[in-house]
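File shown here: protein_8.cif, holding mmCIF, C-alpha atoms and all ligand atoms.
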```cif
data_my_file
#
loop_
_atom_site.label_atom_id
_atom_site.label_comp_id
_atom_site.auth_asym_id
_atom_site.auth_seq_id
_atom_site.Cartn_x
_atom_site.Cartn_y
_atom_site.Cartn_z
CA PHE I 17 22.08 -20.66 -1.65
CA MET I 18 21.41 -24.04 -3.20
CA LYS I 19 24.53 -26.03 -3.92
CA ILE I 20 24.34 -27.35 -7.46
CA SER I 21 26.30 -30.42 -8.46
CA TYR I 22 26.64 -31.08 -12.18
CA LYS I 23 28.35 -34.48 -11.79
CA GLY I 24 26.59 -37.43 -13.31
CA LYS I 25 23.73 -35.42 -14.84
CA ASN I 26 22.46 -35.93 -18.37
CA ARG I 27 21.71 -33.10 -20.78
CA ASP I 28 18.02 -32.77 -19.93
CA GLU I 29 18.74 -32.68 -16.24
CA LEU I 30 21.44 -30.04 -16.76
CA TYR I 31 19.05 -27.99 -18.89
CA GLU I 32 16.39 -28.25 -16.18
CA MET I 33 18.88 -27.14 -13.52
CA THR I 34 20.06 -24.18 -15.57
CA GLU I 35 16.44 -23.13 -16.08
CA THR I 36 15.77 -23.36 -12.34
CA PHE I 37 18.88 -21.35 -11.62
CA ASN I 38 17.89 -18.66 -14.15
CA ARG I 39 14.42 -18.43 -12.68
CA MET I 40 15.93 -18.01 -9.21
CA MET I 41 18.22 -15.24 -10.43
CA GLU I 42 15.29 -13.48 -12.16
CA ARG I 43 13.27 -13.56 -8.96
CA LEU I 44 16.19 -12.27 -6.93
CA GLU I 45 16.72 -9.46 -9.40
CA GLU I 46 13.04 -8.58 -9.38
CA SER I 47 12.93 -8.51 -5.60
CA PHE I 48 16.06 -6.32 -5.56
CA TRP I 49 14.47 -3.79 -7.95
CA ASN I 50 11.20 -3.86 -6.00
CA GLN I 51 13.16 -3.11 -2.87
CA GLN I 52 15.01 -0.25 -4.59
CA GLN I 53 11.73 1.16 -5.88
CA PHE I 54 10.19 0.89 -2.43
CA VAL I 55 13.05 2.75 -0.75
CA SER I 56 12.92 5.42 -3.42
CA ASP I 57 9.10 5.82 -3.17
CA ALA I 58 9.23 5.94 0.63
CA SER I 59 12.02 8.53 0.61
CA HIS I 60 10.12 10.61 -1.90
CA GLU I 61 6.94 10.52 0.20
CA LEU I 62 8.75 11.43 3.41
CA ASN I 63 10.74 14.14 1.66
CA THR I 64 7.60 15.76 0.21
CA THR I 65 6.01 15.83 3.66
CA LEU I 66 9.15 17.34 5.21
CA MET I 67 9.28 19.99 2.49
CA ILE I 68 5.71 21.01 3.25
CA ILE I 69 6.49 21.22 6.97
CA GLU I 70 9.63 23.23 6.21
CA GLY I 71 7.67 25.62 4.00
CA TYR I 72 4.99 26.26 6.60
CA SER I 73 7.54 26.69 9.43
CA ASN I 74 9.30 29.28 7.33
CA MET I 75 6.00 31.06 6.73
CA LEU I 76 5.33 30.99 10.45
CA ARG I 77 8.80 32.33 11.25
CA ARG I 78 8.54 35.23 8.81
CA TRP I 79 4.92 36.34 9.07
CA GLY I 80 3.36 34.32 11.88
CA ALA I 81 3.87 36.90 14.60
CA HIS I 82 1.93 39.60 12.72
CA ASP I 83 -0.63 37.68 10.75
CA LYS I 84 -3.12 35.57 12.69
CA LYS I 85 -4.47 33.90 9.53
CA VAL I 86 -1.02 32.80 8.38
CA GLN I 87 -0.32 31.54 11.88
CA GLU I 88 -3.49 29.44 12.01
CA GLU I 89 -3.01 27.98 8.55
CA ALA I 90 0.64 27.14 9.14
CA VAL I 91 0.10 25.54 12.54
CA LYS I 92 -2.82 23.48 11.23
CA SER I 93 -0.86 22.23 8.21
CA ILE I 94 2.25 21.45 10.23
CA TYR I 95 0.13 19.47 12.66
CA GLU I 96 -1.64 17.52 9.90
CA GLU I 97 1.51 16.76 7.93
CA THR I 98 3.38 15.66 11.06
CA LYS I 99 0.52 13.36 11.98
CA ARG I 100 0.47 11.92 8.48
CA MET I 101 4.22 11.36 8.62
CA ARG I 102 3.94 9.60 11.97
CA ILE I 103 1.25 7.28 10.56
CA MET I 104 3.32 6.67 7.44
CA THR I 105 6.49 5.73 9.34
CA GLN I 106 4.46 3.37 11.53
CA GLN I 107 2.91 1.83 8.41
CA LEU I 108 6.31 1.46 6.77
CA LEU I 109 7.53 -0.43 9.84
CA ASN I 110 4.45 -2.66 9.77
CA LEU I 111 4.91 -3.35 6.08
CA ALA I 112 8.58 -4.20 6.56
CA SER I 113 7.77 -6.60 9.40
CA SER I 114 4.98 -8.44 7.61
CA GLN I 115 6.90 -8.69 4.34
CA GLN I 116 9.79 -10.31 6.12
CA GLY I 117 7.16 -12.84 7.17
CA GLY I 118 8.67 -12.44 10.63
CA GLN I 119 6.62 -12.17 13.75
CA PHE I 120 3.67 -14.40 12.94
CA THR I 121 2.22 -15.91 16.11
CA PRO I 122 -0.86 -18.01 15.36
CA GLU I 123 -3.42 -18.20 18.13
CA SER I 124 -7.15 -18.89 18.40
CA VAL I 125 -8.93 -15.75 17.32
CA ASN I 126 -12.64 -15.29 17.87
CA LEU I 127 -13.59 -13.16 14.89
CA ILE I 128 -16.94 -11.96 16.21
CA GLN I 129 -15.21 -10.64 19.31
CA THR I 130 -12.47 -9.07 17.21
CA CYS I 131 -15.04 -7.39 14.93
CA LYS I 132 -16.90 -6.02 17.95
CA LEU I 133 -13.66 -4.74 19.46
CA VAL I 134 -12.70 -2.93 16.26
CA ILE I 135 -16.21 -1.48 15.84
CA ALA I 136 -16.05 -0.20 19.45
CA HIS I 137 -12.70 1.41 18.63
CA PHE I 138 -14.25 3.31 15.71
CA SER I 139 -17.32 4.31 17.71
CA GLN I 140 -15.02 6.17 20.10
CA LEU I 141 -13.51 8.12 17.24
CA SER I 142 -16.59 9.00 15.23
CA THR I 143 -20.35 8.82 15.17
CA ARG I 144 -20.37 6.94 11.85
CA LYS I 145 -22.07 3.56 11.99
CA ILE I 146 -20.54 0.18 11.22
CA ILE I 147 -23.12 -2.60 11.09
CA LEU I 148 -21.98 -6.15 11.75
CA HIS I 149 -23.84 -8.94 9.93
CA SER I 150 -23.04 -12.42 11.10
CA LYS I 151 -25.12 -15.54 11.64
CA GLU I 152 -22.53 -17.71 13.29
CA LYS I 153 -22.00 -17.52 17.03
CA ASP I 154 -18.65 -19.19 17.02
CA ASN I 155 -16.10 -18.04 14.53
CA VAL I 156 -12.67 -19.03 15.70
CA ILE I 157 -9.70 -19.23 13.37
CA GLN I 158 -5.98 -19.71 13.85
CA ALA I 159 -4.40 -16.35 13.16
CA ASP I 160 -2.39 -13.47 14.55
CA HIS I 161 -4.87 -11.49 16.60
CA SER I 162 -3.22 -8.10 16.37
CA LYS I 163 -2.73 -8.40 12.62
CA ILE I 164 -6.37 -9.35 12.04
CA LYS I 165 -7.37 -6.33 14.10
CA GLN I 166 -5.06 -4.15 12.04
CA LEU I 167 -6.50 -5.58 8.80
CA LEU I 168 -10.06 -4.76 9.87
CA ILE I 169 -9.05 -1.28 11.02
CA ILE I 170 -7.44 -0.50 7.65
CA LEU I 171 -10.41 -1.73 5.62
CA LEU I 172 -13.09 -0.15 7.82
CA ASP I 173 -11.14 3.10 8.00
CA ASN I 174 -11.09 3.25 4.19
CA ALA I 175 -14.79 2.40 3.95
CA LEU I 176 -15.56 5.25 6.38
CA LYS I 177 -13.13 7.68 4.70
CA TYR I 178 -14.54 7.22 1.22
CA SER I 179 -18.27 7.13 2.04
CA THR I 180 -20.87 8.89 4.14
CA ALA I 181 -23.57 6.21 4.64
CA PRO I 182 -23.23 3.42 7.26
CA VAL I 183 -20.63 0.78 6.50
CA GLU I 184 -21.42 -2.94 6.57
CA LEU I 185 -19.19 -5.70 7.84
CA HIS I 186 -20.35 -9.17 6.80
CA LEU I 187 -18.79 -12.24 8.29
CA THR I 188 -19.59 -15.74 7.04
CA LYS I 189 -18.07 -19.14 7.58
CA GLN I 190 -17.60 -21.78 4.93
CA GLU I 191 -15.99 -25.22 5.22
CA GLU I 192 -12.39 -24.23 5.56
CA TYR I 193 -12.59 -20.50 5.16
CA VAL I 194 -14.09 -17.47 6.79
CA GLN I 195 -15.07 -14.56 4.63
CA PHE I 196 -15.23 -10.89 5.48
CA ILE I 197 -16.96 -8.38 3.26
CA ILE I 198 -16.43 -4.74 4.08
CA LYS I 199 -19.07 -2.88 2.13
CA ASP I 200 -19.55 0.84 1.71
CA TYR I 201 -21.90 2.95 -0.41
CA GLY I 202 -19.37 5.68 -1.09
CA ILE I 203 -17.51 7.23 -4.01
CA GLY I 204 -16.21 3.90 -5.30
CA ILE I 205 -13.08 3.24 -7.33
CA PRO I 206 -12.94 3.94 -11.10
CA GLN I 207 -12.90 0.76 -13.22
CA GLY I 208 -9.30 0.89 -14.41
CA GLU I 209 -7.86 1.76 -11.00
CA VAL I 210 -8.97 -1.26 -8.94
CA LYS I 211 -5.95 -3.28 -10.06
CA HIS I 212 -3.55 -0.57 -8.82
CA VAL I 213 -4.88 0.14 -5.34
CA PHE I 214 -2.78 -2.60 -3.74
CA GLU I 215 0.42 -0.96 -5.00
CA ARG I 216 2.46 0.86 -2.38
CA PHE I 217 1.77 4.61 -2.21
CA TYR I 218 -0.89 4.36 -4.92
CA ARG I 219 -3.76 6.81 -4.51
CA ILE I 220 -6.45 7.51 -7.00
CA ASP I 221 -6.49 11.26 -6.82
CA SER I 222 -3.80 12.95 -4.84
CA SER I 223 -5.82 16.05 -4.00
CA ARG I 224 -8.72 13.98 -2.75
CA HIS I 225 -6.21 11.90 -0.90
CA ARG I 226 -4.46 14.77 0.91
CA LYS I 227 -7.82 15.97 2.16
CA THR I 228 -8.61 12.57 3.64
CA GLY I 229 -5.10 12.26 5.05
CA GLY I 230 -4.30 8.84 3.56
CA THR I 231 -0.87 7.49 2.74
CA GLY I 232 -1.47 4.90 0.03
CA LEU I 233 -0.03 2.21 2.31
CA GLY I 234 -3.24 0.89 3.89
CA LEU I 235 -4.20 -1.61 1.19
CA PRO I 236 -0.65 -2.92 0.61
CA ILE I 237 -0.42 -3.64 4.35
CA ALA I 238 -3.86 -5.28 4.28
CA LYS I 239 -2.73 -7.44 1.37
CA SER I 240 0.49 -8.52 3.07
CA ILE I 241 -1.41 -9.44 6.26
CA VAL I 242 -3.86 -11.54 4.24
CA GLU I 243 -1.01 -13.21 2.36
CA GLU I 244 0.82 -13.96 5.59
CA HIS I 245 -2.32 -15.83 6.64
CA HIS I 246 -2.48 -17.59 3.26
CA GLY I 247 -5.77 -15.93 2.44
CA GLU I 248 -7.11 -13.92 -0.47
CA ILE I 249 -8.21 -10.33 -0.82
CA ARG I 250 -10.02 -8.68 -3.71
CA ILE I 251 -12.04 -5.57 -4.42
CA GLU I 252 -15.28 -5.08 -6.30
CA SER I 253 -16.14 -1.46 -6.81
CA HIS I 254 -18.36 0.79 -8.90
CA GLU I 255 -17.62 4.47 -9.18
CA GLY I 256 -20.30 6.49 -7.44
CA ALA I 257 -22.01 3.39 -6.02
CA GLY I 258 -19.58 1.93 -3.50
CA THR I 259 -16.93 -0.64 -2.75
CA GLU I 260 -16.75 -4.17 -1.43
CA VAL I 261 -13.52 -5.58 -0.10
CA ILE I 262 -13.70 -9.36 0.11
CA VAL I 263 -11.25 -11.20 2.35
CA LYS I 264 -11.02 -14.97 2.64
CA LEU I 265 -8.95 -16.49 5.43
CA PRO I 266 -8.33 -20.18 6.12
CA THR I 267 -9.70 -21.31 9.48
CA ALA I 268 -6.95 -23.76 10.36
CA LEU I 269 -3.21 -23.87 10.01
CA SER I 270 -3.30 -27.38 8.56
CA ILE I 271 -4.78 -26.30 5.24
CA ARG I 272 -2.19 -23.61 4.71
CA ASN I 273 0.34 -24.55 2.10
CA THR I 274 3.46 -24.05 4.19
P1 LIG W 301 -5.05 5.56 1.60
O1 LIG W 301 -4.25 5.75 2.83
O2 LIG W 301 -4.82 6.63 0.56
O3 LIG W 301 -6.51 5.32 1.87
P2 LIG W 301 -4.95 2.79 0.69
O4 LIG W 301 -3.77 1.98 0.27
O5 LIG W 301 -5.72 2.31 1.87
O6 LIG W 301 -4.40 4.26 0.93
O7 LIG W 301 -5.93 2.94 -0.54
C1 LIG W 301 -5.40 3.32 -1.81
C2 LIG W 301 -6.41 4.17 -2.56
O8 LIG W 301 -7.53 3.35 -2.93
C3 LIG W 301 -7.00 5.31 -1.74
O9 LIG W 301 -6.22 6.47 -1.82
C4 LIG W 301 -8.36 5.51 -2.38
O10 LIG W 301 -8.24 6.35 -3.50
C5 LIG W 301 -8.74 4.10 -2.85
N1 LIG W 301 -9.67 3.42 -1.92
C6 LIG W 301 -9.37 2.53 -0.97
N2 LIG W 301 -10.47 2.08 -0.33
C7 LIG W 301 -11.52 2.71 -0.90
C8 LIG W 301 -12.95 2.69 -0.68
N3 LIG W 301 -13.51 1.92 0.26
N4 LIG W 301 -13.70 3.47 -1.48
C9 LIG W 301 -13.15 4.26 -2.43
N5 LIG W 301 -11.81 4.33 -2.68
C10 LIG W 301 -11.01 3.58 -1.93
#
```
Here is a file; write its structure as structure tokens.
Amino acid sequence: FMKISYKGKNRDELYEMTETFNRMMERLEESFWNQQQFVSDASHELNTTLMIIEGYSNMLRRWGAHDKKVQEEAVKSIYEETKRMRIMTQQLLNLASSQQGGQFTPESVNLIQTCKLVIAHFSQLSTRKIILHSKEKDNVIQADHSKIKQLLIILLDNALKYSTAPVELHLTKQEEYVQFIIKDYGIGIPQGEVKHVFERFYRIDSSRHRKTGGTGLGLPIAKSIVEEHHGEIRIESHEGAGTEVIVKLPTALSIRNT
């Protein structure tokens, strides 16, 4: 905490100091309530998943031995919910670590190589195409390599989840920034919802979401990674036409404002 000395201050200075102190307290209070809300949302999400698993296990225990259909449905759901819960707990840990601003280790990251690596990762998992568009040969920035990889995985995974056509990844370099555009021609995001998708656990339609197995934590993690790198992230989307996620990252540490 800041030590405030009131000695020898005139009225304006005292007023200014009180204002600063009040603003600090407001921010602390806000962060406390955000934290409370986060813990409560996370507990709720994990609890719901556990209740589903409990329900299906019970079904399996009572009728599973005699009814093949019940057995198949229960085992499948338990598997999917457990997987979702594992992803969610991992994401919660990631979110906690990047919001503490903790383990940031800047290194030279060749973005073309990183993009190719991530695209190769997806090509092992599915036959869906990701097309890389980039003119520059050399695209090195100072960043945390594993976090940039994670950022691209989140955004490309969403683009693939919510579309069926090939996904485009555009990479361009400007003076002091690089820009990624992850573009899909999928279902898009309804007009009024774009501003909410960066909120933790926010999903547009929960039934649609459960089918695609999302958690509502992907975009908040993406945002906190971008903010850790002092970049910007925004979404342009049209329902039924597709989505563009635009990420700007500074190339060098020197132009960051910390
Ligand atoms: P999720 O794990 O549910 O995908 P995210 O935080 O990554 O969570 O995204 C929040 C919500 O925003 C998603 O549930 C989805 O409804 C919407 N969304 C995200 N990316 C896209 C996209 N490329 N196209 C359409 N909707 C999207």
*Residues near Thr188 (chain I), cut-off 10 Å, all atoms listed in the file, skip fewer than 6 positions along chain, as a ChimeraX atom specification*: /I:149-152,155,194-197,264
*To one decimal place, how far is atom N1 of ligand LIG 301 (chain W) from CA of Tyr201 (chain I) in Å?*
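Pair atom N1 of ligand LIG 301 (chain W) / CA of Tyr201 (chain I) returns 12.3 Å.
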*asked:* Please report the interatomic distance between CA of Leu187 (chain I) and CA of Gln166 (chain I) in Å with one decimal.
replied: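 CA of Gln166 (chain I) lies 16.4 Å from CA of Leu187 (chain I).
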_Shell of 7 Å around ligand LIG 301 (chain W) (all atoms listed in the file), written as a list in words_ =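 Counting only what the definition allows, namely all atoms listed in the file, the set is Ile170, Asn174, Ala175, Tyr178, Ser179, Asp200, Gly202, Ile203, Gly204, Ile205, Val213, Phe214, Arg216, Phe217, Tyr218, Arg219, Ile220, Asp221, His225, Gly229, Gly230, Thr231, Gly232, Leu233, Gly234, Leu235, Pro236, Gly258 and Thr259 of chain I.
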Write the selection just made, keeping C-alpha atoms, as a PDB file, in the frame of the given file?
```pdb
ATOM      1  CA  ILE I 170      -7.440  -0.500   7.650  1.00  0.00           C
ATOM      2  CA  ASN I 174     -11.090   3.250   4.190  1.00  0.00           C
ATOM      3  CA  ALA I 175     -14.790   2.400   3.950  1.00  0.00           C
ATOM      4  CA  TYR I 178     -14.540   7.220   1.220  1.00  0.00           C
ATOM      5  CA  SER I 179     -18.270   7.130   2.040  1.00  0.00           C
ATOM      6  CA  ASP I 200     -19.550   0.840   1.710  1.00  0.00           C
ATOM      7  CA  GLY I 202     -19.370   5.680  -1.090  1.00  0.00           C
ATOM      8  CA  ILE I 203     -17.510   7.230  -4.010  1.00  0.00           C
ATOM      9  CA  GLY I 204     -16.210   3.900  -5.300  1.00  0.00           C
ATOM     10  CA  ILE I 205     -13.080   3.240  -7.330  1.00  0.00           C
ATOM     11  CA  VAL I 213      -4.880   0.140  -5.340  1.00  0.00           C
ATOM     12  CA  PHE I 214      -2.780  -2.600  -3.740  1.00  0.00           C
ATOM     13  CA  ARG I 216       2.460   0.860  -2.380  1.00  0.00           C
ATOM     14  CA  PHE I 217       1.770   4.610  -2.210  1.00  0.00           C
ATOM     15  CA  TYR I 218      -0.890   4.360  -4.920  1.00  0.00           C
ATOM     16  CA  ARG I 219      -3.760   6.810  -4.510  1.00  0.00           C
ATOM     17  CA  ILE I 220      -6.450   7.510  -7.000  1.00  0.00           C
ATOM     18  CA  ASP I 221      -6.490  11.260  -6.820  1.00  0.00           C
ATOM     19  CA  HIS I 225      -6.210  11.900  -0.900  1.00  0.00           C
ATOM     20  CA  GLY I 229      -5.100  12.260   5.050  1.00  0.00           C
ATOM     21  CA  GLY I 230      -4.300   8.840   3.560  1.00  0.00           C
ATOM     22  CA  THR I 231      -0.870   7.490   2.740  1.00  0.00           C
ATOM     23  CA  GLY I 232      -1.470   4.900   0.030  1.00  0.00           C
ATOM     24  CA  LEU I 233      -0.030   2.210   2.310  1.00  0.00           C
ATOM     25  CA  GLY I 234      -3.240   0.890   3.890  1.00  0.00           C
ATOM     26  CA  LEU I 235      -4.200  -1.610   1.190  1.00  0.00           C
ATOM     27  CA  PRO I 236      -0.650  -2.920   0.610  1.00  0.00           C
ATOM     28  CA  GLY I 258     -19.580   1.930  -3.500  1.00  0.00           C
ATOM     29  CA  THR I 259     -16.930  -0.640  -2.750  1.00  0.00           C
TER      30      THR I 259
END
```
*Which residues, written as a PyMOL selection string, have at least one atom at most 12 Å from Arg77 (chain I), with only C-alpha atoms counted and residues fewer than 5 positions away on the same chain left out?*
chain I and resi 70-72+82-83+86-87+90-91
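Taking CA of Val263 (chain I) and CA of Arg250 (chain I) as endpoints, the distance between them is 6.7 Å.
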_Give me the residues near region 126-130 of chain I as a PyMOL selection string, where near means some atom within 9 Å (using all atoms listed in the file) and where sequence neighbours in that chain fewer than 6 positions away do not count._
chain I and resi 148+150+152-158+161+164-165+168+187
*Which one of I:Lys23, I:Lys163, I:His137, I:Lys84 sits closest to Ala238 (chain I) if you count only C-alpha atoms?*
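Nearest to Ala238 (chain I): I:Lys163.
The shortest atom-to-atom distance to His254 (chain I), with all atoms listed in the file taken into account, belongs to I:Val210 out of I:Ile147, I:Val242, I:Leu133, I:Val210.
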_Which polymer residues, whether protein, DNA or RNA, lie within 10 Å of the coordinate (5.7, 25.0, 6.4) when you count all atoms listed in the file? List them as a PyMOL selection string, using the chain letters and numbers from the file._
chain I and resi 65-77+89-94+97
